[in-house]
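Trainee: Once you've had a glance at the structure underneath, I'll fire off some questions.
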Amino acid sequence: MMRALSLLSRIRKNQDGATLLEFTFVAPIFVMMMLGGLDIGYSLYLRTVGSGTLEATARTASLQGASQATMEANIRTAMNRLLPQNQRSNPAAITITQKSYSDYSRVNQPEVLVVDTDSDGLLDIGDCWADEDEDGQFGVNQGRTGLGGSDDAVYYTVTM
């Protein structure tokens, strides 16, 4: 009996495997945090490079008067370099939409009431509004499809 108590006392005081046991609890959490940080960093990198590409393409188009097809081809070529190798031949991997607005401040804003008979800011019978997106309905300005005119602001959305 005395021998069993002595053995139990020695086992309880022994610290030899404590570090390994603690590491097995901490390591998976640490690895997941590292992978999450790298994923966020890569996402930010893609967003930054993509925004820069769109800005450069828009500048080029405004100076050279490029067509919508040329603009899309330039964007696809630039964005294709950012895709993983196995997705580069997939045409559905990149979707591009462009909307034109009369003014940059009009992007995703409510359409303007031209005549507001009771000055409540809501569309009532007798009120008139500027149908900026030409959809025949009053609401949030969704923009016109395409590049618009020479004075319009064009808003590109690229999804990869």
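Just remember, in the structure tokens the first chain shown is A, the second B, etc., residues are 1-based per chain, and ligands are 1-based in the order shown.
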Considering only strand (DSSP E or B) as DSSP defines it on the backbone, what residues of chain A qualify? List them as a list in words.
Mentor: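 Strand (DSSP E or B) assignments inside chain A correspond to Thr95, Ile96, Thr97, Gln98, Lys99, Ser100, Tyr101, Pro110, Leu113, Val114, Val115, Cys128, Trp129, Val140, Arg144, Thr145, Ala153, Val154, Tyr155, Tyr156, Thr157, Val158 and Thr159 of chain A.
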Trainee: Between A:Gly17, A:Pro91, A:Gly52, A:Gly139, which has the minimum distance to A:Asn108 (counting only C-alpha atoms)?
Mentor: A:Gly139
Trainee: Excluding same-chain residues fewer than 2 positions from A:Thr77, what lies within 12 Å of it counting only C-alpha atoms, as a PyMOL selection string?
Mentor: chain A and resi 50+53-54+57+70-75+79-83+88-89+91+94
Trainee: What parts of chain A does DSSP call alpha helix (DSSP H)? I'd like the answer as a ChimeraX atom specification.
Mentor: /A:2-13,18-64,68-80
Trainee: Can you measure atom CA of A:Asn90 to atom CA of A:Met160 for me? One decimal in Å is fine.
Mentor: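 Those two atoms sit 10.8 Å apart.
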Trainee: Could you tell me which of A:Ala153, A:Leu7, A:Leu123, A:Cys128 comes closest to A:Arg106 if we count only C-alpha atoms?
Mentor: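 That would be A:Ala153, the residue with the smallest distance to A:Arg106.
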Trainee: Just the number, please: distance in Å from atom CA of A:Ser100 to atom CA of A:Val114, one decimal.
Mentor: 20.3 Å
